[in-house]
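S.K.: To be precise about what I am sending: the file is called coords_27.pdb and holds PDB, C-alpha atoms and all ligand atoms.
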ATOM      1  CA  MET A  24      33.546-211.002-101.643
ATOM      2  CA  ARG A  25      33.581-212.779 -98.304
ATOM      3  CA  ALA A  26      35.903-211.845 -95.451
ATOM      4  CA  MET A  27      36.493-212.885 -91.857
ATOM      5  CA  VAL A  28      36.590-209.585 -89.982
ATOM      6  CA  LEU A  29      37.994-208.585 -86.599
ATOM      7  CA  ARG A  30      35.657-205.904 -85.257
ATOM      8  CA  GLN A  31      36.939-205.758 -81.680
ATOM      9  CA  PRO A  32      40.051-207.272 -80.069
ATOM     10  CA  ARG A  33      39.527-210.523 -78.182
ATOM     11  CA  THR A  34      36.302-211.329 -80.053
ATOM     12  CA  PRO A  35      35.858-214.002 -82.725
ATOM     13  CA  LEU A  36      36.206-213.013 -86.373
ATOM     14  CA  VAL A  37      32.849-212.339 -88.012
ATOM     15  CA  PRO A  38      32.011-213.413 -91.583
ATOM     16  CA  GLU A  39      31.019-210.481 -93.795
ATOM     17  CA  GLU A  40      29.830-210.125 -97.378
ATOM     18  CA  ARG A  41      31.285-207.048 -99.065
ATOM     19  CA  GLY A  42      31.418-205.558-102.540
ATOM     20  CA  GLU A  43      34.578-206.378-104.453
ATOM     21  CA  PRO A  44      37.097-203.608-103.720
ATOM     22  CA  GLU A  45      38.376-201.452-106.578
ATOM     23  CA  PRO A  46      42.160-201.201-106.740
ATOM     24  CA  GLY A  47      43.485-197.652-106.326
ATOM     25  CA  PRO A  48      46.601-196.239-107.986
ATOM     26  CA  GLY A  49      49.470-198.729-107.751
ATOM     27  CA  GLU A  50      47.223-201.430-106.321
ATOM     28  CA  VAL A  51      45.972-204.760-107.591
ATOM     29  CA  ARG A  52      42.974-206.813-106.581
ATOM     30  CA  LEU A  53      43.808-210.445-105.957
ATOM     31  CA  ARG A  54      41.620-213.487-105.764
ATOM     32  CA  VAL A  55      42.937-215.264-102.674
ATOM     33  CA  LEU A  56      43.991-218.865-103.345
ATOM     34  CA  ALA A  57      45.317-219.558 -99.843
ATOM     35  CA  CYS A  58      46.328-217.613 -96.741
ATOM     36  CA  ALA A  59      48.355-219.126 -93.932
ATOM     37  CA  VAL A  60      47.753-218.290 -90.285
ATOM     38  CA  CYS A  61      50.630-216.744 -88.351
ATOM     39  CA  ARG A  62      51.163-216.177 -84.650
ATOM     40  CA  THR A  63      51.103-212.461 -85.436
ATOM     41  CA  ASP A  64      47.445-212.891 -86.463
ATOM     42  CA  LEU A  65      46.819-214.101 -82.916
ATOM     43  CA  HIS A  66      48.551-211.016 -81.518
ATOM     44  CA  VAL A  67      46.344-208.837 -83.766
ATOM     45  CA  VAL A  68      43.167-210.658 -82.739
ATOM     46  CA  ASP A  69      44.159-210.567 -79.067
ATOM     47  CA  GLY A  70      44.799-206.810 -79.201
ATOM     48  CA  GLU A  71      48.471-207.185 -78.284
ATOM     49  CA  LEU A  72      49.844-204.938 -81.049
ATOM     50  CA  PRO A  73      49.530-201.152 -81.142
ATOM     51  CA  ASP A  74      47.964-199.451 -84.164
ATOM     52  CA  THR A  75      45.741-202.281 -85.399
ATOM     53  CA  ARG A  76      43.123-200.713 -87.674
ATOM     54  CA  LEU A  77      39.599-201.804 -86.754
ATOM     55  CA  PRO A  78      37.691-203.366 -88.280
ATOM     56  CA  VAL A  79      40.397-205.336 -90.056
ATOM     57  CA  VAL A  80      40.675-208.534 -92.064
ATOM     58  CA  PRO A  81      43.712-210.403 -90.669
ATOM     59  CA  GLY A  82      46.049-212.570 -92.724
ATOM     60  CA  HIS A  83      49.454-211.748 -94.225
ATOM     61  CA  GLU A  84      50.672-214.961 -95.833
ATOM     62  CA  ILE A  85      48.602-214.618 -98.980
ATOM     63  CA  VAL A  86      48.908-216.476-102.245
ATOM     64  CA  GLY A  87      46.639-214.814-104.777
ATOM     65  CA  GLU A  88      45.925-214.440-108.440
ATOM     66  CA  VAL A  89      45.872-210.950-109.937
ATOM     67  CA  GLU A  90      42.319-210.153-110.960
ATOM     68  CA  ALA A  91      42.270-206.388-111.584
ATOM     69  CA  LEU A  92      44.917-203.702-111.971
ATOM     70  CA  GLY A  93      44.674-200.205-110.528
ATOM     71  CA  PRO A  94      45.873-197.129-112.426
ATOM     72  CA  GLY A  95      49.588-197.127-113.152
ATOM     73  CA  VAL A  96      50.278-200.815-112.531
ATOM     74  CA  THR A  97      52.441-202.204-115.318
ATOM     75  CA  ALA A  98      54.622-204.794-113.586
ATOM     76  CA  LEU A  99      51.840-207.337-112.998
ATOM     77  CA  ARG A 100      49.360-208.976-115.357
ATOM     78  CA  PRO A 101      45.887-210.375-114.705
ATOM     79  CA  GLY A 102      46.100-214.108-113.988
ATOM     80  CA  GLU A 103      49.602-213.854-112.525
ATOM     81  CA  ARG A 104      50.184-215.514-109.157
ATOM     82  CA  VAL A 105      51.830-213.459-106.430
ATOM     83  CA  GLY A 106      52.470-213.549-102.689
ATOM     84  CA  VAL A 107      51.500-210.788-100.271
ATOM     85  CA  PRO A 108      53.549-210.664 -97.065
ATOM     86  CA  TRP A 109      53.305-208.668 -93.848
ATOM     87  CA  LEU A 110      55.087-205.592 -95.249
ATOM     88  CA  GLY A 111      52.331-204.186 -97.443
ATOM     89  CA  HIS A 112      53.732-200.686 -97.836
ATOM     90  CA  ALA A 113      56.810-198.637 -97.037
ATOM     91  CA  CYS A 114      57.140-194.897 -97.625
ATOM     92  CA  GLY A 115      60.316-195.098 -99.704
ATOM     93  CA  HIS A 116      61.835-191.856 -98.420
ATOM     94  CA  CYS A 117      62.301-192.014 -94.629
ATOM     95  CA  PRO A 118      65.886-192.558 -93.385
ATOM     96  CA  TYR A 119      65.220-196.291 -92.923
ATOM     97  CA  CYS A 120      63.806-196.798 -96.412
ATOM     98  CA  ALA A 121      66.610-194.699 -97.884
ATOM     99  CA  GLY A 122      69.171-196.792 -95.998
ATOM    100  CA  GLY A 123      67.844-200.135 -97.269
ATOM    101  CA  HIS A 124      65.942-200.939 -94.067
ATOM    102  CA  GLU A 125      62.358-200.647 -95.272
ATOM    103  CA  ASN A 126      61.407-203.211 -92.597
ATOM    104  CA  LEU A 127      61.897-200.342 -90.110
ATOM    105  CA  CYS A 128      60.023-197.718 -92.196
ATOM    106  CA  ASP A 129      58.590-194.793 -90.215
ATOM    107  CA  ALA A 130      55.273-194.935 -92.103
ATOM    108  CA  PRO A 131      54.724-198.581 -92.984
ATOM    109  CA  GLY A 132      51.586-200.484 -93.952
ATOM    110  CA  PHE A 133      51.152-203.983 -92.614
ATOM    111  CA  THR A 134      48.918-206.533 -94.285
ATOM    112  CA  GLY A 135      46.170-207.790 -92.012
ATOM    113  CA  HIS A 136      46.999-205.163 -89.371
ATOM    114  CA  THR A 137      46.832-201.645 -90.822
ATOM    115  CA  ARG A 138      45.533-202.854 -94.235
ATOM    116  CA  ASP A 139      42.996-205.581 -94.872
ATOM    117  CA  GLY A 140      44.595-208.983 -95.300
ATOM    118  CA  GLY A 141      43.945-212.397 -96.729
ATOM    119  CA  PHE A 142      41.345-214.050 -94.496
ATOM    120  CA  ALA A 143      39.003-213.337 -97.407
ATOM    121  CA  THR A 144      38.164-214.320-100.947
ATOM    122  CA  HIS A 145      39.700-211.092-102.319
ATOM    123  CA  VAL A 146      42.246-208.554-101.165
ATOM    124  CA  LEU A 147      43.843-205.332-102.393
ATOM    125  CA  ALA A 148      47.626-205.134-102.361
ATOM    126  CA  GLU A 149      50.238-202.646-103.517
ATOM    127  CA  ALA A 150      51.721-204.101-106.673
ATOM    128  CA  ALA A 151      55.226-203.006-105.671
ATOM    129  CA  PHE A 152      54.996-205.088-102.476
ATOM    130  CA  CYS A 153      53.709-208.280-104.109
ATOM    131  CA  LEU A 154      56.301-211.027-104.382
ATOM    132  CA  PRO A 155      56.502-212.949-107.660
ATOM    133  CA  LEU A 156      55.811-216.686-107.335
ATOM    134  CA  ARG A 157      56.892-217.786-110.804
ATOM    135  CA  GLY A 158      58.882-221.000-110.639
ATOM    136  CA  GLN A 159      57.532-221.960-107.207
ATOM    137  CA  ALA A 160      55.620-225.068-106.181
ATOM    138  CA  ALA A 161      52.211-225.296-107.853
ATOM    139  CA  ASP A 162      50.144-225.775-104.714
ATOM    140  CA  PRO A 163      49.156-222.424-103.125
ATOM    141  CA  VAL A 164      48.610-224.191 -99.774
ATOM    142  CA  GLN A 165      52.279-225.210 -99.788
ATOM    143  CA  LEU A 166      53.404-221.706-100.725
ATOM    144  CA  ALA A 167      51.387-219.632 -98.267
ATOM    145  CA  PRO A 168      53.403-220.471 -95.105
ATOM    146  CA  LEU A 169      56.586-219.403 -96.860
ATOM    147  CA  LEU A 170      55.344-215.809 -96.945
ATOM    148  CA  CYS A 171      55.817-215.127 -93.248
ATOM    149  CA  ALA A 172      56.863-218.243 -91.362
ATOM    150  CA  GLY A 173      59.451-218.962 -94.045
ATOM    151  CA  LEU A 174      60.484-215.392 -94.651
ATOM    152  CA  ILE A 175      60.832-214.309 -91.051
ATOM    153  CA  GLY A 176      62.682-217.538 -90.331
ATOM    154  CA  TRP A 177      65.061-216.650 -93.157
ATOM    155  CA  ARG A 178      65.664-213.155 -91.778
ATOM    156  CA  CYS A 179      66.252-214.630 -88.294
ATOM    157  CA  LEU A 180      68.721-217.142 -89.693
ATOM    158  CA  ARG A 181      70.644-214.318 -91.335
ATOM    159  CA  ALA A 182      70.591-212.397 -88.047
ATOM    160  CA  ALA A 183      71.989-215.476 -86.290
ATOM    161  CA  GLY A 184      75.016-215.156 -88.571
ATOM    162  CA  ASP A 185      76.897-217.468 -90.920
ATOM    163  CA  GLU A 186      79.226-218.507 -88.100
ATOM    164  CA  ALA A 187      76.274-219.973 -86.151
ATOM    165  CA  ARG A 188      76.838-223.607 -87.067
ATOM    166  CA  VAL A 189      75.203-224.998 -83.909
ATOM    167  CA  LEU A 190      71.753-223.459 -83.919
ATOM    168  CA  GLY A 191      68.965-223.659 -81.347
ATOM    169  CA  LEU A 192      65.324-223.098 -82.325
ATOM    170  CA  TYR A 193      62.888-222.303 -79.513
ATOM    171  CA  GLY A 194      59.277-223.061 -80.422
ATOM    172  CA  PHE A 195      59.072-225.675 -83.148
ATOM    173  CA  GLY A 196      56.074-224.509 -85.176
ATOM    174  CA  ALA A 197      55.462-223.090 -88.626
ATOM    175  CA  ALA A 198      58.568-220.897 -88.821
ATOM    176  CA  ALA A 199      61.008-223.285 -87.115
ATOM    177  CA  HIS A 200      60.093-226.301 -89.233
ATOM    178  CA  LEU A 201      60.953-224.301 -92.364
ATOM    179  CA  VAL A 202      64.083-222.554 -91.123
ATOM    180  CA  ALA A 203      65.369-225.865 -89.728
ATOM    181  CA  GLN A 204      65.375-227.317 -93.230
ATOM    182  CA  VAL A 205      67.226-224.309 -94.656
ATOM    183  CA  ALA A 206      69.761-224.403 -91.814
ATOM    184  CA  LEU A 207      70.384-228.129 -92.274
ATOM    185  CA  ARG A 208      70.912-227.612 -95.993
ATOM    186  CA  GLN A 209      73.537-225.023 -95.149
ATOM    187  CA  GLY A 210      75.353-227.648 -93.083
ATOM    188  CA  ARG A 211      74.309-226.317 -89.677
ATOM    189  CA  GLU A 212      73.288-228.495 -86.725
ATOM    190  CA  VAL A 213      69.793-227.870 -85.373
ATOM    191  CA  TYR A 214      68.717-228.222 -81.724
ATOM    192  CA  ALA A 215      64.952-227.930 -81.230
ATOM    193  CA  PHE A 216      63.366-226.693 -78.005
ATOM    194  CA  THR A 217      59.643-227.144 -77.371
ATOM    195  CA  ARG A 218      57.190-226.869 -74.514
ATOM    196  CA  ALA A 219      58.000-229.505 -71.884
ATOM    197  CA  GLY A 220      56.242-232.747 -72.737
ATOM    198  CA  ASP A 221      55.458-231.813 -76.349
ATOM    199  CA  THR A 222      56.899-235.063 -77.665
ATOM    200  CA  ALA A 223      54.993-234.722 -80.949
ATOM    201  CA  ALA A 224      56.842-231.507 -81.815
ATOM    202  CA  GLN A 225      60.140-233.037 -80.637
ATOM    203  CA  ASP A 226      59.613-236.130 -82.823
ATOM    204  CA  PHE A 227      58.689-233.849 -85.729
ATOM    205  CA  ALA A 228      61.930-231.867 -85.278
ATOM    206  CA  ARG A 229      64.028-235.034 -85.194
ATOM    207  CA  ALA A 230      62.232-236.377 -88.272
ATOM    208  CA  LEU A 231      63.210-233.205 -90.137
ATOM    209  CA  GLY A 232      66.843-233.739 -89.192
ATOM    210  CA  ALA A 233      67.365-232.005 -85.848
ATOM    211  CA  THR A 234      70.340-233.425 -83.948
ATOM    212  CA  TRP A 235      68.532-233.070 -80.646
ATOM    213  CA  ALA A 236      65.084-232.066 -79.420
ATOM    214  CA  GLY A 237      64.002-231.405 -75.864
ATOM    215  CA  ALA A 238      62.187-229.083 -73.485
ATOM    216  CA  SER A 239      63.054-225.385 -73.549
ATOM    217  CA  ASP A 240      64.347-225.413 -69.962
ATOM    218  CA  GLU A 241      66.711-228.312 -70.642
ATOM    219  CA  PRO A 242      70.346-227.566 -71.358
ATOM    220  CA  PRO A 243      71.314-228.725 -74.856
ATOM    221  CA  PRO A 244      74.008-231.440 -75.074
ATOM    222  CA  ARG A 245      76.487-228.833 -76.319
ATOM    223  CA  PRO A 246      76.619-225.028 -76.194
ATOM    224  CA  LEU A 247      74.820-223.273 -79.030
ATOM    225  CA  ASP A 248      76.444-220.722 -81.326
ATOM    226  CA  ALA A 249      73.098-218.956 -81.655
ATOM    227  CA  ALA A 250      69.458-219.422 -80.771
ATOM    228  CA  ILE A 251      66.337-218.175 -82.529
ATOM    229  CA  LEU A 252      63.206-217.640 -80.437
ATOM    230  CA  PHE A 253      59.899-218.100 -82.224
ATOM    231  CA  ALA A 254      57.772-218.769 -79.155
ATOM    232  CA  PRO A 255      56.459-215.453 -77.720
ATOM    233  CA  VAL A 256      57.612-216.279 -74.208
ATOM    234  CA  GLY A 257      59.921-213.835 -72.412
ATOM    235  CA  GLU A 258      61.254-216.523 -70.017
ATOM    236  CA  LEU A 259      62.967-218.076 -73.013
ATOM    237  CA  VAL A 260      65.409-215.165 -73.367
ATOM    238  CA  PRO A 261      67.442-215.953 -70.218
ATOM    239  CA  GLN A 262      67.036-219.684 -70.898
ATOM    240  CA  ALA A 263      68.478-219.266 -74.379
ATOM    241  CA  LEU A 264      71.285-217.034 -73.068
ATOM    242  CA  ARG A 265      72.200-219.875 -70.706
ATOM    243  CA  ALA A 266      72.389-222.232 -73.691
ATOM    244  CA  VAL A 267      74.614-220.138 -75.986
ATOM    245  CA  ARG A 268      78.398-220.068 -75.857
ATOM    246  CA  LYS A 269      80.588-217.017 -75.243
ATOM    247  CA  GLY A 270      79.952-214.495 -78.023
ATOM    248  CA  GLY A 271      76.731-216.315 -78.923
ATOM    249  CA  ARG A 272      73.603-214.556 -80.111
ATOM    250  CA  VAL A 273      69.942-214.876 -79.163
ATOM    251  CA  VAL A 274      67.606-213.723 -81.935
ATOM    252  CA  CYS A 275      64.016-212.863 -80.985
ATOM    253  CA  GLY A 276      61.912-213.528 -84.072
ATOM    254  CA  GLY A 277      58.440-212.631 -82.809
ATOM    255  CA  ILE A 278      56.603-209.325 -83.099
ATOM    256  CA  HIS A 279      55.373-209.587 -79.517
ATOM    257  CA  MET A 280      56.637-211.401 -76.442
ATOM    258  CA  SER A 281      55.607-211.619 -72.810
ATOM    259  CA  ASP A 282      57.878-209.654 -70.473
ATOM    260  CA  ILE A 283      61.440-210.845 -70.154
ATOM    261  CA  PRO A 284      62.172-211.637 -66.505
ATOM    262  CA  ALA A 285      65.172-210.072 -64.768
ATOM    263  CA  PHE A 286      68.281-212.202 -65.080
ATOM    264  CA  PRO A 287      71.855-212.077 -63.752
ATOM    265  CA  TYR A 288      74.287-210.101 -65.878
ATOM    266  CA  ARG A 289      76.607-213.103 -66.101
ATOM    267  CA  LEU A 290      74.184-214.629 -68.636
ATOM    268  CA  LEU A 291      74.855-211.721 -71.014
ATOM    269  CA  TRP A 292      78.517-211.324 -70.056
ATOM    270  CA  GLU A 293      81.242-212.595 -72.387
ATOM    271  CA  GLU A 294      79.798-210.765 -75.374
ATOM    272  CA  ARG A 295      76.574-212.686 -75.687
ATOM    273  CA  GLN A 296      73.962-210.674 -77.600
ATOM    274  CA  VAL A 297      70.197-210.398 -77.634
ATOM    275  CA  VAL A 298      68.739-208.960 -80.847
ATOM    276  CA  SER A 299      65.295-208.733 -82.401
ATOM    277  CA  VAL A 300      64.150-209.160 -85.975
ATOM    278  CA  ALA A 301      61.391-206.843 -87.138
ATOM    279  CA  ASN A 302      59.234-207.355 -90.210
ATOM    280  CA  LEU A 303      60.916-208.044 -93.547
ATOM    281  CA  THR A 304      62.238-206.305 -96.602
ATOM    282  CA  ARG A 305      61.276-207.144-100.166
ATOM    283  CA  ARG A 306      64.865-208.200-100.675
ATOM    284  CA  ASP A 307      64.453-210.845 -97.949
ATOM    285  CA  GLY A 308      61.409-212.103 -99.815
ATOM    286  CA  LEU A 309      63.127-212.347-103.181
ATOM    287  CA  GLU A 310      66.226-214.006-101.700
ATOM    288  CA  PHE A 311      64.252-216.545 -99.721
ATOM    289  CA  LEU A 312      61.960-217.418-102.624
ATOM    290  CA  ARG A 313      64.990-217.905-104.871
ATOM    291  CA  GLU A 314      66.480-220.239-102.271
ATOM    292  CA  VAL A 315      63.361-222.407-101.962
ATOM    293  CA  ALA A 316      62.598-222.449-105.691
ATOM    294  CA  ALA A 317      65.914-224.250-106.226
ATOM    295  CA  THR A 318      65.123-226.899-103.602
ATOM    296  CA  PRO A 319      61.556-226.831-102.295
ATOM    297  CA  LEU A 320      61.013-227.222 -98.562
ATOM    298  CA  ARG A 321      58.768-229.802 -96.971
ATOM    299  CA  VAL A 322      55.879-227.623 -95.783
ATOM    300  CA  GLU A 323      53.647-229.209 -93.166
ATOM    301  CA  THR A 324      50.130-227.746 -93.365
ATOM    302  CA  ARG A 325      46.628-228.220 -92.047
ATOM    303  CA  VAL A 326      43.939-226.812 -94.323
ATOM    304  CA  TYR A 327      40.830-225.039 -93.012
ATOM    305  CA  PRO A 328      37.984-223.541 -95.027
ATOM    306  CA  LEU A 329      37.935-219.739 -94.740
ATOM    307  CA  ALA A 330      34.789-219.862 -92.607
ATOM    308  CA  GLN A 331      36.735-221.835 -89.963
ATOM    309  CA  ALA A 332      39.343-219.109 -89.417
ATOM    310  CA  ASN A 333      38.434-218.907 -85.715
ATOM    311  CA  GLN A 334      39.060-222.636 -85.317
ATOM    312  CA  ALA A 335      42.452-222.294 -86.998
ATOM    313  CA  LEU A 336      43.386-219.438 -84.636
ATOM    314  CA  ASP A 337      42.247-221.454 -81.615
ATOM    315  CA  ASP A 338      44.255-224.485 -82.712
ATOM    316  CA  LEU A 339      47.354-222.323 -83.156
ATOM    317  CA  ARG A 340      46.851-220.703 -79.752
ATOM    318  CA  ALA A 341      46.447-224.082 -78.052
ATOM    319  CA  GLY A 342      49.518-225.562 -79.743
ATOM    320  CA  ARG A 343      47.434-228.214 -81.484
ATOM    321  CA  LEU A 344      49.135-227.688 -84.857
ATOM    322  CA  GLN A 345      52.138-229.321 -86.395
ATOM    323  CA  GLY A 346      53.457-226.905 -89.007
ATOM    324  CA  ALA A 347      51.147-224.220 -90.395
ATOM    325  CA  ALA A 348      47.396-223.679 -90.605
ATOM    326  CA  VAL A 349      46.269-222.519 -94.050
ATOM    327  CA  LEU A 350      42.869-221.017 -94.908
ATOM    328  CA  VAL A 351      41.392-221.734 -98.294
ATOM    329  CA  PRO A 352      38.385-219.717 -99.543
TER     330      PRO A 352
HETATM  331 ZN    ZN A 401      59.983-195.419 -94.945
HETATM  332 ZN    ZN A 402      53.491-213.525 -89.729
END
Would you mind giving the structure from this file in structure tokens?

M.R.:
Amino acid sequence: MRAMVLRQPRTPLVPEERGEPEPGPGEVRLRVLACAVCRTDLHVVDGELPDTRLPVVPGHEIVGEVEALGPGVTALRPGERVGVPWLGHACGHCPYCAGGHENLCDAPGFTGHTRDGGFATHVLAEAAFCLPLRGQAADPVQLAPLLCAGLIGWRCLRAAGDEARVLGLYGFGAAAHLVAQVALRQGREVYAFTRAGDTAAQDFARALGATWAGASDEPPPRPLDAAILFAPVGELVPQALRAVRKGGRVVCGGIHMSDIPAFPYRLLWEERQVVSVANLTRRDGLEFLREVAATPLRVETRVYPLAQANQALDDLRAGRLQGAAVLVP
């Protein structure tokens, strides 16, 4: 197999040839069909997350075909197509798992962070954490971005609450362009905030149906019920608090963010809330995939060969992408 490997933080991924891994108990080996590139992969590569296992193969938006079954796997069949998301393992017995919050598990495994991920031709995954892709769009490139950008967007939208009819999205990239479509379908209004001067992203947001698009430091034309932050920029928290109405909620959707600057209490006053969304549960995955199977989303992608993973990461870092980068072996 071939893999793009992170050996040390803040160094380019290195191509490696390896023997095909043998699936252990409960695991499957997948042939990777496509793997999307997420901002979290940048945080892994840049050494911004604790506990990254090194060396590691990044990538946690994997569409793969089951190639070999480990001992005890009965739920999957060779040839079946599945998705592998960020949550690659949960212990099943800590208080969080027991309470239905496996996204907060005390002993989790994360694909492309503490387990090898999908920037490769093959990957091992726990069968119980693979998401079925039956009934989904045929093109694995179209499906891959759903497995984190789509899924985390979905969890953020739920955290924003059903009463959030006027919704702001800060950072209009892979996740926002998907969640915007779901929100619009649900009859919400979408206000898109981008880096100042990023007219391409603003035009893209309007083309997808956003009511308004502008720079993140601009006040929206009306107060927001809730805002979701996808850009990893701490300054956006007080800016978004300024934009939401009394009782409004600011949802931080990223795994990492630069420091949040001090801000006057009056921005939080009147029962405004700041919350974060961490990881995902398998239930989120199943719910979201059911939602998009019924009415597929328009998924904007740019395809890179696996060997150009570093280029894809650079383009994401520099904001040169519209939608999602997807690696294809
Ligand atoms: Zn647990
Ligand atoms: Zn991700």

S.K.: Evaluate the PyMOL selection byres (((chain A and resi 53) around 7) and not hetatm) on the structure here and hand back the selected residues as a list in words.

M.R.: Val51, Arg52, Arg54, Val55, Gly87, Glu88, Val89, Glu90, His145, Val146 and Leu147 of chain A

S.K.: Can you tell me, as a ChimeraX atom specification, what residues are no more than 9 Å from A:Leu329 when counting all atoms listed in the file, ignoring any on the same chain fewer than 2 positions away?

M.R.: /A:25-27,57-58,142-144,327,331-332,349-352

S.K.: Which value, in Å to one decimal, gives the distance between atom CA of A:Ala317 and atom CA of A:Gly158?

M.R.: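 Taking atom CA of A:Ala317 and atom CA of A:Gly158, their separation equals 8.9 Å.
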
S.K.: Would you mind telling me which residue in A:Gly184, A:Gly270, A:Pro118, A:Gly141 lies nearest to ligand ZN 401 (chain A) when using all atoms listed in the file?

M.R.: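 Smallest distance to ligand ZN 401 (chain A) is found for A:Pro118.
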
S.K.: Enumerate residues in contact with ligand ZN 401 (chain A): an atom-to-atom distance of at most 10 Å, counting only C-alpha atoms and all ligand atoms. Format the result as a VMD selection string.

M.R.: chain A and resid 112 to 132
